[in-house]
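The structure under discussion appears below in the form of structure tokens.
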Amino acid sequence: MNSQKELIIELKNLSFFYPGTERPVLRDLDFKLRSGEWVAVLGANGSGKSTLAKHFNALLVPTQGACFVYGHDTKTDKGQFLARKNVTLVFQNPDNQIVAAIVEEDVAFGPENLGIPSVEIEERVKKALKVTGLYDVRKRPTYTLSGGQKQRLAVAGAIAMEPACMVLDEATSMLDPKGRKEINDVLCKLHKGGMTLISITHRLEEIVYCDRCVVLSRGAKVWEGTPKDLLIMGDGLLEWGLRVPPLVEVWDCLRNAGLLSDEVLPKIDEMVDALCL
Amino acid sequence: MSIVVENLVHVYHEGTPLEIEALKGVSMNATPGEWVSIVGHTGSGKSTLAQHLNALLVPTRGKVIVDDIEVGTDSKEHRKIRQLVGLIFQYPEQQLFEETVFAEIAFGPRNWGVPEEEIPSRVSEALYLVGLDESFSERSPFQISGGEKRRVAIASVLSVRPKYLVLDEPTAGLDSRGKDEFCALLEKLKMSGTGIIHVTHDLELALDFSDKILVLEDGKALLWGSPEIIVEELIEREIEGLVMPPVVELARRLRDVGFDVPVTWKAQVLASAIEENLQK
């Protein structure tokens, strides 16, 4: 579908062992990410998701096989440079990712490090703060922010680097439901604006907006396809340590009863509209 | 026998410029064999309330009574309360410190003066309750998986045989399988007569398992009752920081457009009600 779009990341038969261990954490993975896509990587605790995330920007390099960013192997200097420049990671714990005392200074930290002219930094910071809805709190000390705001700040810092692709490793798992919703709203906005995204998560609620899902189990890719095809698997997902959220259960029952057509996704708005017809 | 909280007020740093009233007159109760959830947004006072339940904090005003012992009247009695009420903080695996799982779990009962010959059976019992086999005894608590660590941390509280267990966000960071297993464990403890007091911001989880729910907002008890009562009330008003479970939200939206469906968080119940409506 996206074959004409530019290839950003490509994994070929990637396997990874932590030094001194014999069990592979990642096994023989193949994966392609094209510009503008939003891909969810799903799996239970210990399935290898976070180890995979670290390969995308060359924090780790494969033991076997290869990871290419814009066609360059991340084991080469050129490949590592491209990976670090173009792929930004956002982690689980917002407190570990904030470096400055004031909100707008924290967002400026990344581009300052890249040696961007200060006029442009100002522009980038303003843009990143607006997208993440933090513009009004830009002068506040970072420690006064809520968990959701802090994580949006981490995302803003990543946006200001203007990466080609952003990887979010369980970026919502330490947040409360309100904070989770805030982050998801920001991601939807970024996706609409053309940003390439990888969400690493075990929450199936969060995948309905993605284009494609990849499921990892014990380090291997066991499934790949659209969110809808994944969600209709129902209890079959338990085998991989994933569970269908209750709203999807309702959606699935109604589909099976022939009350919802194939086009309707398990989103409240779409379901209400479809049922009212 | 029960835990009773009456008009509990807690003021931090009273009489200083930093004075904050964290709890503003909260009442609730919990009995052994009951699962009570305390739900609220970050900063609503949940953790302050939890710490009152085993006398880590003493009321500024109002009362906390644990099995007829009132917190704050005689600090010698607090020892008894701490034996009755086990408190498990968020990410309890971060508090592990012993060399072996056995020593970790034995630490509590040894500290309470349980005779040494009784210790092995206390450890076995606690391991069994959290679903770990005896082979874990001699392993290091630092070389087991995250989920196993959390179980060991909980076993180290269960080995004291508390009558009530207060847990602050015990499922944070667990995946859905881990969460399911953990809730099944708490349910087992509840069935065997332990009172479960579960502090969480996961309303969906609280609705699924609790006998009673207390919704806190800004230090005040906003709602108190069965899950059924709580959802009925919740659709009437927005509560800062509490996101409605999506199934309840769907039910509410459908009622607004004229569907005759119950306010429920149960997927099957809502799905059949929608089907019935559309068949009419």
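Just remember, in the structure tokens the first chain shown is A, the second B, etc., residues are 1-based per chain, and ligands are 1-based in the order shown.
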- Message: From a backbone DSSP assignment, name each residue in segment 103-231 of chain A labelled alpha helix (DSSP H), as a VMD selection string.
- Response: chain A and resid 103 to 113 118 to 131 147 to 160 177 to 192 227 to 231
- What are the residues of chain A that have an atom within 8 Å of an atom of chain B, counting only C-alpha atoms, as a ChimeraX atom specification? /A:44-45,173-174,176-178,202-203,238,241-243,246-247,249-251,253-254,257,259,268,272,276
- Message: Just list as a ChimeraX atom specification whatever in segment 85-267 of chain A DSSP marks as strand (DSSP E or B).
- Response: /A:87-90,102,141,165-169,196-201,212-217,220-225
- Message: Please report the interatomic distance between atom CA of Thr100 of chain B and atom CA of Ala55 of chain B in Å with one decimal.
- Response: 29.3 Å
- Task: Mind giving me the straight-line distance from atom CA of Ser135 of chain B to atom CA of Ser156 of chain B in Å, one decimal?
- Result: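 Answer for the atom CA of Ser135 of chain B to atom CA of Ser156 of chain B separation: 16.1 Å.
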- Which residue of B:Asp67, B:Glu118, B:Glu104, B:Asp168 approaches Thr31 of chain B most closely, using only C-alpha atoms: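 Ranked by minimum distance to Thr31 of chain B, first place goes to B:Asp67.
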- Write out as a list of chain:residue names each polymer residue whose atoms come within 12 Å of Leu57 of chain B, counting only C-alpha atoms; drop sequence neighbours fewer than 3 positions from it.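 Counting only C-alpha atoms, the residues come to B:Leu8, B:Val9, B:His10, B:Val11, B:Tyr12, B:Ala22, B:Leu23, B:Ser47, B:Thr48, B:Leu49, B:Ala50, B:Gln51, B:His52, B:Leu53, B:Asn54, B:Thr60, B:Arg61, B:Lys63, B:Val64, B:Val71, B:Gly72, B:Ser75, B:His78, B:Ile81, B:Arg82.
Among A:Phe109, A:Ala40, A:Leu7, A:Leu14, the residue with the shortest atom-to-atom distance to Val69 of chain A, counting only C-alpha atoms, is A:Leu7.
Among A:Glu37, A:Asp235, A:Asp211, A:Glu10, the residue with the shortest atom-to-atom distance to His55 of chain A, counting only C-alpha atoms, is A:Glu10.
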- Straight-line distance linking atom CA of Lys188 of chain B with atom CA of Ile154 of chain B, stated in Å to one decimal: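 These two atoms are separated by 13.7 Å.
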- Which of these residues is nearest to Pro111 of chain A, using only C-alpha atoms: A:Glu162, A:Asp269, A:Glu224, A:Asp95?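 Going through A:Glu162, A:Asp269, A:Glu224, A:Asp95 one by one, the smallest distance to Pro111 of chain A is for A:Glu162.
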- Residue nearest Gly48 of chain A among A:Gly236, A:Pro94, A:Pro24, A:Gly179 (counting only C-alpha atoms):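 Once distances to Gly48 of chain A are computed over only C-alpha atoms, the minimum belongs to A:Pro24.
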- Item | Within 12 Å of Asn113 of chain A using only C-alpha atoms, minus same-chain residues under 4 positions, as a list in words |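 The contact residues come out as Lys85, Asp106, Val107, Ala108, Phe109, Pro117, Ser118, Ile121, Gly157, Ala160 and Met161 of chain A.
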Write out, as a PDB file, in the first residue's frame, the residues just selected, with C-alpha atoms.
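Output saved as result_9.pdb:
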```pdb
ATOM      1  CA  LYS A  85      19.740  11.954  13.789  1.00  0.00           C
ATOM      2  CA  ASP A 106      13.941  21.751  28.162  1.00  0.00           C
ATOM      3  CA  VAL A 107      12.439  21.715  24.669  1.00  0.00           C
ATOM      4  CA  ALA A 108      15.317  23.852  23.377  1.00  0.00           C
ATOM      5  CA  PHE A 109      17.991  21.536  24.814  1.00  0.00           C
ATOM      6  CA  PRO A 117      20.824  28.854  14.880  1.00  0.00           C
ATOM      7  CA  SER A 118      18.939  30.436  17.772  1.00  0.00           C
ATOM      8  CA  ILE A 121      15.460  27.079  17.757  1.00  0.00           C
ATOM      9  CA  GLY A 157      11.655  17.767  23.145  1.00  0.00           C
ATOM     10  CA  ALA A 160      11.999  19.956  18.333  1.00  0.00           C
ATOM     11  CA  MET A 161      14.786  17.711  17.043  1.00  0.00           C
TER      12      MET A 161
END
```
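Nearest-residue note for Asp218 of chain B: choosing from B:Gly86, B:Gly25, B:Gly33, B:Gly45, the minimum distance belongs to B:Gly45, counting only C-alpha atoms.
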- Message: Taking 6 positions as the minimum chain separation for residues in the same chain, which residues sit within 12 Å of Val114 of chain B when counting only C-alpha atoms? Answer as number ranges by chain.
- Response: B: 83, 106-108, 120-123, 159-161
Write the residues you've just listed into a file as a PDB file, in the first residue's frame, and include C-alpha atoms for each of them.
```pdb
ATOM      1  CA  GLN B  83       0.419  -6.444  62.349  1.00  0.00           C
ATOM      2  CA  ALA B 106      11.059 -14.513  56.708  1.00  0.00           C
ATOM      3  CA  PHE B 107      12.101 -10.956  57.616  1.00  0.00           C
ATOM      4  CA  GLY B 108       8.598  -9.789  58.603  1.00  0.00           C
ATOM      5  CA  PRO B 120       9.742 -22.152  57.320  1.00  0.00           C
ATOM      6  CA  SER B 121       6.029 -22.923  57.302  1.00  0.00           C
ATOM      7  CA  ARG B 122       5.203 -19.190  57.187  1.00  0.00           C
ATOM      8  CA  VAL B 123       7.495 -18.800  54.167  1.00  0.00           C
ATOM      9  CA  SER B 159       3.975 -14.057  55.824  1.00  0.00           C
ATOM     10  CA  VAL B 160       2.976 -11.805  58.722  1.00  0.00           C
ATOM     11  CA  ARG B 161      -0.610 -13.045  58.141  1.00  0.00           C
TER      12      ARG B 161
END
```
